[in-house]
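What follows is the content of query.txt (compact mmCIF, C-alpha atoms).
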# COMPACT_ATOMS: atom_id res chain seq x y z
CA ASP W 1 -48.53 49.47 -26.46
CA ARG W 2 -49.80 48.18 -23.14
CA TYR W 3 -51.04 44.85 -24.56
CA GLU W 4 -47.54 43.91 -25.70
CA MET W 5 -45.89 45.40 -22.60
CA LEU W 6 -47.85 43.02 -20.38
CA GLY W 7 -46.61 40.02 -22.34
CA GLY W 8 -49.91 38.86 -23.81
CA THR W 9 -52.07 39.13 -26.89
CA ASP W 10 -54.90 41.60 -27.37
CA VAL W 11 -58.03 39.56 -28.12
CA SER W 12 -59.08 42.07 -30.78
CA ARG W 13 -55.93 41.28 -32.80
CA ILE W 14 -56.43 37.53 -33.03
CA SER W 15 -57.10 36.54 -36.62
CA GLY W 16 -56.75 32.80 -36.15
CA GLY W 17 -58.68 30.19 -34.23
CA MET W 18 -60.79 32.50 -32.12
CA SER W 19 -62.32 34.51 -34.94
CA ARG W 20 -62.87 31.41 -37.07
CA ALA W 21 -64.59 29.64 -34.21
CA SER W 22 -66.76 32.70 -33.59
CA ASP W 23 -67.79 33.00 -37.22
CA ALA W 24 -68.54 29.30 -37.58
CA ALA W 25 -70.66 28.97 -34.43
CA LYS W 26 -74.40 29.50 -34.90
CA ALA W 27 -75.81 28.67 -31.47
CA VAL W 28 -74.81 26.85 -28.33
CA PRO W 29 -77.35 24.07 -27.59
CA ALA W 30 -75.56 22.86 -24.43
CA SER W 31 -72.56 23.95 -22.43
CA ALA W 32 -70.09 22.52 -19.93
CA ASN W 33 -70.15 25.88 -18.14
CA ARG W 34 -71.91 25.60 -14.80
CA ILE W 35 -73.78 28.91 -15.06
CA LEU W 36 -75.18 28.20 -18.52
CA SER W 37 -76.06 24.60 -17.67
CA SER W 38 -78.01 25.81 -14.61
CA LEU W 39 -80.21 28.23 -16.56
CA PRO W 40 -83.80 27.15 -17.23
CA LYS W 41 -84.91 26.90 -20.84
CA LYS W 42 -86.97 30.09 -20.63
CA VAL W 43 -83.78 32.05 -19.85
CA LEU W 44 -81.31 30.15 -22.03
CA LYS W 45 -83.36 29.96 -25.22
CA PRO W 46 -83.65 33.74 -25.92
CA LEU W 47 -79.91 34.14 -25.22
CA GLN W 48 -78.71 31.37 -27.55
CA PRO W 49 -78.72 33.49 -30.76
CA SER W 50 -76.30 35.87 -28.99
CA MET W 51 -73.91 33.07 -27.96
CA LYS W 52 -70.89 31.85 -29.86
CA LEU W 53 -68.39 29.12 -29.04
CA VAL W 54 -64.84 30.51 -29.21
CA GLU W 55 -61.28 29.36 -28.61
CA LEU W 56 -59.27 31.33 -26.05
CA PRO W 57 -55.50 31.08 -26.73
CA GLN W 58 -53.21 31.05 -23.70
CA GLU W 59 -52.00 34.45 -22.44
CA THR W 60 -54.59 36.30 -24.52
CA TYR W 61 -55.85 39.45 -22.81
CA LEU W 62 -59.64 39.49 -22.92
CA PHE W 63 -59.90 42.83 -21.15
CA GLN W 64 -57.60 45.64 -20.05
CA PRO W 65 -58.20 48.21 -17.27
CA ASP W 66 -60.80 50.82 -18.30
CA ASP W 67 -62.14 48.68 -21.14
CA GLU W 68 -65.89 48.74 -21.65
CA PRO W 69 -66.64 45.12 -22.58
CA ASP W 70 -69.07 44.01 -25.25
CA PHE W 71 -69.04 40.36 -24.21
CA ILE W 72 -69.16 38.01 -21.25
CA TYR W 73 -67.08 34.82 -21.54
CA PHE W 74 -68.32 31.60 -19.95
CA PRO W 75 -65.29 29.24 -19.91
CA GLU W 76 -65.80 25.55 -20.60
CA THR W 77 -62.25 24.18 -20.72
CA ALA W 78 -60.31 27.46 -20.44
CA ALA W 79 -59.15 29.10 -17.20
CA VAL W 80 -58.95 32.89 -16.98
CA SER W 81 -57.15 35.09 -14.42
CA GLU W 82 -58.13 38.57 -13.30
CA LEU W 83 -54.97 40.49 -12.42
CA GLN W 84 -54.37 43.69 -10.51
CA ILE W 85 -51.42 45.76 -11.79
CA LEU W 86 -49.23 47.08 -8.97
CA GLU W 87 -47.38 50.40 -8.93
CA ASP W 88 -44.02 48.76 -9.67
CA GLY W 89 -45.41 47.02 -12.76
CA ARG W 90 -45.85 43.60 -11.18
CA MET W 91 -49.22 41.89 -11.23
CA VAL W 92 -51.08 39.71 -8.75
CA GLU W 93 -54.12 37.56 -9.36
CA VAL W 94 -57.32 38.57 -7.57
CA ALA W 95 -59.60 35.92 -9.10
CA ILE W 96 -59.47 32.89 -11.38
CA ILE W 97 -62.50 31.83 -13.38
CA GLY W 98 -63.23 28.58 -15.18
CA ARG W 99 -66.28 26.53 -16.04
CA GLU W 100 -67.87 27.45 -12.70
CA GLY W 101 -68.22 31.15 -13.60
CA GLY W 102 -68.34 33.93 -16.14
CA VAL W 103 -65.69 36.50 -17.07
CA GLY W 104 -67.26 39.97 -16.93
CA LEU W 105 -70.50 38.62 -15.44
CA SER W 106 -70.90 41.56 -13.06
CA LYS W 107 -71.13 43.87 -16.09
CA LEU W 108 -74.66 42.57 -16.64
CA PHE W 109 -75.69 44.85 -13.79
CA CYS W 110 -73.47 47.90 -14.23
CA SER W 111 -71.80 49.83 -17.05
CA THR W 112 -68.58 50.79 -15.26
CA PRO W 113 -65.27 50.03 -17.02
CA ILE W 114 -63.26 46.88 -16.28
CA PRO W 115 -61.00 47.61 -13.24
CA ASN W 116 -58.29 44.98 -13.88
CA CYS W 117 -56.67 43.16 -16.76
CA VAL W 118 -58.07 39.72 -17.59
CA GLN W 119 -55.79 37.11 -19.16
CA VAL W 120 -56.27 33.51 -20.31
CA THR W 121 -54.22 31.24 -18.02
CA GLN W 122 -55.06 27.93 -19.73
CA SER W 123 -56.20 27.82 -23.34
CA GLY W 124 -59.54 26.23 -24.12
CA THR W 125 -63.09 26.92 -25.18
CA ALA W 126 -65.61 29.43 -23.87
CA VAL W 127 -69.10 30.57 -24.76
CA ARG W 128 -69.15 34.26 -25.62
CA LEU W 129 -72.34 36.20 -24.89
CA ASN W 130 -73.22 39.67 -26.14
CA ILE W 131 -73.75 41.86 -23.06
CA ALA W 132 -76.22 44.23 -24.74
CA ASP W 133 -78.55 41.36 -25.66
CA ALA W 134 -78.34 39.90 -22.14
CA ARG W 135 -79.11 43.29 -20.57
CA ARG W 136 -82.08 43.68 -22.91
CA LEU W 137 -83.50 40.35 -21.74
CA ILE W 138 -83.05 41.37 -18.09
CA ARG W 139 -84.91 44.65 -18.75
CA GLN W 140 -87.76 42.71 -20.36
CA ARG W 141 -87.80 39.98 -17.71
CA PRO W 142 -86.17 41.32 -14.51
CA GLU W 143 -86.45 37.95 -12.76
CA THR W 144 -83.79 36.64 -15.18
CA ALA W 145 -81.13 38.46 -13.14
CA LEU W 146 -81.86 36.28 -10.12
CA TYR W 147 -80.33 33.27 -11.84
CA PHE W 148 -76.97 35.09 -12.11
CA TYR W 149 -76.79 36.68 -8.64
CA PRO W 150 -75.37 33.62 -6.78
CA PHE W 151 -72.46 33.38 -9.21
CA VAL W 152 -71.67 37.09 -8.90
CA ASP W 153 -71.72 36.62 -5.13
CA SER W 154 -69.24 33.71 -5.28
CA TYR W 155 -66.97 35.85 -7.50
CA ILE W 156 -66.99 38.67 -4.93
CA ARG W 157 -66.29 36.18 -2.13
CA GLN W 158 -63.35 34.77 -4.06
CA ILE W 159 -61.82 38.24 -4.46
CA SER W 160 -62.22 38.83 -0.71
CA GLN W 161 -60.59 35.51 0.13
CA LYS W 162 -57.74 36.06 -2.33
CA THR W 163 -57.03 39.43 -0.72
CA VAL W 164 -56.43 37.70 2.61
CA CYS W 165 -54.43 34.97 0.89
CA ASN W 166 -52.13 37.39 -0.96
CA LEU W 167 -51.44 39.36 2.23
CA TYR W 168 -50.91 36.67 4.85
CA HIS W 169 -50.11 33.27 3.38
CA SER W 170 -46.74 31.91 2.33
CA VAL W 171 -45.70 31.75 -1.31
CA LYS W 172 -45.60 27.93 -1.18
CA ALA W 173 -49.13 27.70 0.26
CA ARG W 174 -50.43 30.14 -2.36
CA PHE W 175 -48.61 28.26 -5.12
CA CYS W 176 -50.21 24.96 -4.07
CA THR W 177 -53.65 26.55 -3.73
CA TRP W 178 -53.34 28.09 -7.17
CA LEU W 179 -52.27 24.81 -8.84
CA LEU W 180 -55.33 23.09 -7.39
CA MET W 181 -57.65 25.89 -8.51
CA VAL W 182 -56.28 25.85 -12.05
CA GLN W 183 -56.61 22.07 -12.33
CA ASP W 184 -60.17 22.16 -10.95
CA ARG W 185 -61.17 24.63 -13.63
CA CYS W 186 -59.63 22.99 -16.69
CA ASP W 187 -59.71 19.36 -15.47
CA SER W 188 -56.45 18.48 -17.19
CA PRO W 189 -53.63 16.23 -15.88
CA VAL W 190 -51.04 18.57 -17.44
CA LEU W 191 -51.11 22.31 -16.77
CA HIS W 192 -49.39 24.33 -19.46
CA LEU W 193 -47.61 26.77 -17.18
CA THR W 194 -44.14 28.25 -16.93
CA HIS W 195 -42.39 29.40 -13.77
CA GLU W 196 -42.45 32.94 -15.16
CA GLN W 197 -46.22 32.81 -15.67
CA ILE W 198 -46.84 31.44 -12.17
CA ALA W 199 -44.57 34.07 -10.59
CA ARG W 200 -46.34 36.83 -12.50
CA THR W 201 -49.75 35.56 -11.38
CA LEU W 202 -48.73 35.30 -7.71
CA GLY W 203 -46.93 38.65 -7.76
CA VAL W 204 -43.53 37.22 -6.76
CA TYR W 205 -40.14 36.82 -8.43
CA ARG W 206 -39.48 33.76 -10.59
CA PRO W 207 -36.52 32.31 -8.58
CA ARG W 208 -38.87 31.81 -5.60
CA ILE W 209 -41.25 29.72 -7.70
CA THR W 210 -38.36 27.75 -9.22
CA CYS W 211 -37.06 26.80 -5.75
CA ILE W 212 -40.49 25.65 -4.58
CA ALA W 213 -41.15 23.69 -7.78
CA ARG W 214 -37.74 21.98 -7.57
CA GLU W 215 -38.40 20.82 -4.03
CA MET W 216 -41.86 19.50 -4.97
CA LYS W 217 -40.38 17.70 -7.96
CA ARG W 218 -37.70 16.11 -5.77
CA LYS W 219 -40.43 14.77 -3.48
CA LYS W 220 -42.34 13.48 -6.54
CA ILE W 221 -45.33 15.69 -5.82
CA ILE W 222 -45.19 17.30 -9.26
CA GLU W 223 -43.30 16.75 -12.48
CA TYR W 224 -42.49 19.53 -14.87
CA SER W 225 -40.78 20.14 -18.16
CA ARG W 226 -40.64 23.14 -20.44
CA GLY W 227 -44.07 24.78 -20.33
CA GLY W 228 -45.89 22.00 -18.48
CA ILE W 229 -46.59 20.85 -14.90
CA SER W 230 -48.10 17.47 -14.02
CA ILE W 231 -49.61 16.90 -10.58
CA LEU W 232 -48.45 13.49 -9.33
CA ASN W 233 -49.68 13.63 -5.74
CA ARG W 234 -52.70 15.87 -5.36
CA GLY W 235 -53.16 14.87 -1.72
CA GLU W 236 -49.76 16.27 -0.80
CA ILE W 237 -50.53 19.52 -2.59
CA GLU W 238 -53.83 19.81 -0.72
CA GLN W 239 -51.94 19.36 2.55
CA SER W 240 -49.57 22.21 1.65
CA ALA W 241 -52.28 24.53 0.30
CA CYS W 242 -53.71 27.25 2.54
CA TYR W 243 -57.29 27.02 3.83
CA CYS W 244 -58.34 29.49 1.09
CA TYR W 245 -58.61 26.58 -1.34
CA ALA W 246 -61.33 24.86 0.72
CA GLU W 247 -63.07 28.17 1.45
CA ILE W 248 -63.31 29.18 -2.22
CA ALA W 249 -64.36 25.66 -3.27
CA ASP W 250 -67.15 25.82 -0.68
CA TYR W 251 -68.37 29.18 -2.04
CA LEU W 252 -68.59 27.68 -5.51
CA LYS W 253 -70.55 24.62 -4.34
CA ARG W 254 -73.15 26.90 -2.78
CA ALA W 255 -73.42 29.19 -5.83
CA ARG W 256 -76.65 27.85 -7.21
CA PRO W 257 -80.02 29.59 -7.53
CA SER W 258 -82.36 28.37 -4.80
CA GLN W 259 -85.80 27.42 -6.12
CA ALA W 260 -87.35 28.39 -2.76
CA ARG W 261 -85.56 31.74 -2.73
CA LEU W 262 -86.57 32.56 -6.29
CA THR W 263 -90.21 31.82 -5.49
CA GLU W 264 -89.95 34.01 -2.39
CA ILE W 265 -88.49 36.95 -4.34
CA ILE W 266 -91.04 36.64 -7.16
CA PRO W 267 -94.37 35.99 -5.40
CA GLY W 268 -96.79 33.91 -7.40
CA ARG W 269 -94.12 32.76 -9.86
CA ARG W 270 -92.59 29.35 -9.83
CA PRO W 271 -89.25 29.19 -11.62
CA ASP W 272 -88.70 26.53 -14.24
CA VAL W 273 -86.49 23.63 -13.25
CA ALA W 274 -83.19 23.66 -15.19
CA ILE W 275 -83.00 20.79 -17.67
Can you dump the structure from the file as C-alpha cells?
Amino acid sequence: DRYEMLGGTDVSRISGGMSRASDAAKAVPASANRILSSLPKKVLKPLQPSMKLVELPQETYLFQPDDEPDFIYFPETAAVSELQILEDGRMVEVAIIGREGGVGLSKLFCSTPIPNCVQVTQSGTAVRLNIADARRLIRQRPETALYFYPFVDSYIRQISQKTVCNLYHSVKARFCTWLLMVQDRCDSPVLHLTHEQIARTLGVYRPRITCIAREMKRKKIIEYSRGGISILNRGEIEQSACYCYAEIADYLKRARPSQARLTEIIPGRRPDVAI
C-alpha cells in the first residue's frame, strides 16, 4: 500500500513505543514545545485532559494526503517534515516542524483533508492533542484561537519561503539550510540522517548529496558515518546556507501572541500572562 511504497511506517500500525507512551500518559503538566509553553493557564488547563505524551519513531508517517486527522502533534524533541509528492514519485519538503510549532495546527480552523504527507525526520517526543476537543474549546471561547494564529502564520510563511528556496537555490545551499533547521528543532549534536533520506527530502538524487557531504567532510565541516551526521563547524554551514535560513528563523522569533494585539481584538478583555 502507499504507506510502505513511500518507505515509512503508518502511525496507525505502530504497536510499540508510541502506543505504550500514549496509554501511559495521563496529562501533560509542562511542555518543551513553544506553542504549548506560551499558552496561558486558562487555555492550557482545559486542554490538558486531551493531551498525551507520545514517542514518534523516525520515518513514521503521521499523515498521508487526503487524511482527515484526529490529532495535532506538538513536537518537543522530534522533527517532522511535510512533503509534497511530485508526479514522478519523488518528494520535496515544503515545511519542517519541531518544538517551535504544531503538526496539523491549521486543522483547528478548517476540516479539509491533509494535502501532503507528513513524516518524522528525527525521532523524539511530542504532545498529541485531540482536534475535536480543541475545536470544542474554541467554539466555547473564541478568543482561544488568537493564541494559535501567530504560529499558523509562521507556518504559512515558511511554506512560501521554501517554495522560493526549492525553485531558485543551489542544492548545496538548500542542504546546508536544511541541516541547520533540523538541528535547531531537535537540538542534538548528532542528526540521525542518511544520504538517501536527505535526497528524498530535498527532491534530488542521492549521488548529488553524497558528493556535497564528502566535500564538507573533507573540509571538516561535518562528520558522518552510517545513519548519522555530526556538525563540526556550524559557522561554515551558516555561511554556505541560503538566506532562507535567516528568513525562516526570523519568522519563528516573531511568532508570539502580542498582549497588546489580543487586548485590541477583544475589547475589555485582558489576556492572562503565560506562566
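Closest approach to W:Leu167 among W:Gln122, W:Arg234, W:Gly203, W:Ala32 is made by W:Gly203 (distances from all atoms listed in the file).
When the distance limit is 8 Å and only C-alpha atoms are what count, the residues near W:Pro115, minus those fewer than 4 positions from it on the same chain, are Gln64, Pro65 and Asp66 of chain W.
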Output file for the selection above: C-alpha atoms, as an mmCIF file, keeping the file's coordinate frame:
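Output file again.cif follows:
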data_model
loop_
_atom_site.group_PDB
_atom_site.id
_atom_site.type_symbol
_atom_site.label_atom_id
_atom_site.label_comp_id
_atom_site.auth_asym_id
_atom_site.auth_seq_id
_atom_site.Cartn_x
_atom_site.Cartn_y
_atom_site.Cartn_z
ATOM 1 C CA GLN W 64 -57.600 45.640 -20.050
ATOM 2 C CA PRO W 65 -58.200 48.210 -17.270
ATOM 3 C CA ASP W 66 -60.800 50.820 -18.300
#
Check your understanding: Of the residues W:Pro113, W:His192, W:Glu87, W:Ile248, which is the one nearest to W:Pro57, using all atoms listed in the file?
Key ->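 Residue with the minimum atom-to-atom distance to W:Pro57: W:His192.
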Practice item. Mind checking which residues fall within 7 Å of W:Gln84, counting all atoms listed in the file, ignoring those fewer than 6 positions away in the same chain, and posting them as a list in words? Key: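 Here the answer would be Met91, Val92, Glu93, Val94, Asn116 and Cys117 of chain W.
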Practice item. Quote the spacing between atom CA of W:Cys176 and atom CA of W:Leu193 in Å to one decimal place. Key: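 Separation between atom CA of W:Cys176 and atom CA of W:Leu193: 13.5 Å.
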Point to revise | For W:Ala246: contacts at 12 Å, all atoms listed in the file, fewer than 6 positions along chain excluded, given as a PyMOL selection string | key: chain W and resi 158+161+177-178+180-181+238-239+252-253
Practice item. Rank nothing, just name the residue among W:Arg200, W:Arg226, W:Lys45, W:Lys220 nearest to W:Leu83, using only C-alpha atoms. Key: W:Arg200
Point to revise | Residue nearest W:Leu137 among W:Val152, W:Leu47, W:Cys211, W:Leu62 (counting all atoms listed in the file) | key: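 Ranking W:Val152, W:Leu47, W:Cys211, W:Leu62 by distance to W:Leu137, first place goes to W:Leu47.
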Show which residues sit within 10 Å of W:Tyr224, as a short mmCIF file (atom, residue, chain, number, x, y, z; two decimals) with C-alpha atoms, in the frame of the given file. Count all atoms listed in the file, and ignore same-chain residues fewer than 3 positions away.
data_model
loop_
_atom_site.label_atom_id
_atom_site.label_comp_id
_atom_site.auth_asym_id
_atom_site.auth_seq_id
_atom_site.Cartn_x
_atom_site.Cartn_y
_atom_site.Cartn_z
CA VAL W 190 -51.04 18.57 -17.44
CA LEU W 191 -51.11 22.31 -16.77
CA HIS W 192 -49.39 24.33 -19.46
CA LEU W 193 -47.61 26.77 -17.18
CA THR W 194 -44.14 28.25 -16.93
CA HIS W 195 -42.39 29.40 -13.77
CA ALA W 213 -41.15 23.69 -7.78
CA ARG W 214 -37.74 21.98 -7.57
CA MET W 216 -41.86 19.50 -4.97
CA LYS W 217 -40.38 17.70 -7.96
CA GLY W 227 -44.07 24.78 -20.33
CA GLY W 228 -45.89 22.00 -18.48
CA ILE W 229 -46.59 20.85 -14.90
CA SER W 230 -48.10 17.47 -14.02
CA ILE W 231 -49.61 16.90 -10.58
#
Review point. Taking (-70.9, 32.9, -29.4) in the file's coordinates as the center, which residues reach within 6 Å of it, counting all atoms listed in the file, put as a PyMOL selection string?
Key: chain W and resi 22+51-53+127-129
Review point. For the atom pair atom CA of W:Cys165 and atom CA of W:Cys244, what is the interatomic distance in Å to one decimal place?
Key: 6.7 Å
**Study point:** Given all atoms listed in the file as the counted atoms, nearest of W:Leu86, W:Ile138, W:Val80, W:Leu179 to W:Ile222
**Key:** W:Leu179
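Atom CA of W:Ser188 to atom CA of W:Glu100 spans 15.2 Å [interatomic distance, one decimal].
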**Study point:** Minimum-distance residue to W:Lys162, chosen among W:Arg135, W:Lys107, W:Arg174, W:Arg99 (using all atoms listed in the file)
**Key:**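 When distances to W:Lys162 are compared using all atoms listed in the file, the smallest one comes from W:Arg174.
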Test item: axis-aligned box, all listed atoms of stretch 201-206 of chain W, 6 Å on each side, centre and edges in Å rounded to one decimal, as AutoDock Vina command-line options:
--center_x -44.6 --center_y 36.2 --center_z -9.1 --size_x 22.3 --size_y 16.9 --size_z 16.6
Exercise for review: Write out as a list in words each polymer residue whose atoms come within 8 Å of stretch 77-79 of chain W, counting all atoms listed in the file; drop sequence neighbours fewer than 5 positions from it.
Suggested key: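 Answer for this query is Leu56, Ile96, Ile97, Gly98, Arg99, Val120, Thr121, Gln122, Ser123, Gly124, Thr125, Ala126, Val182, Arg185, Cys186 and Asp187 of chain W.
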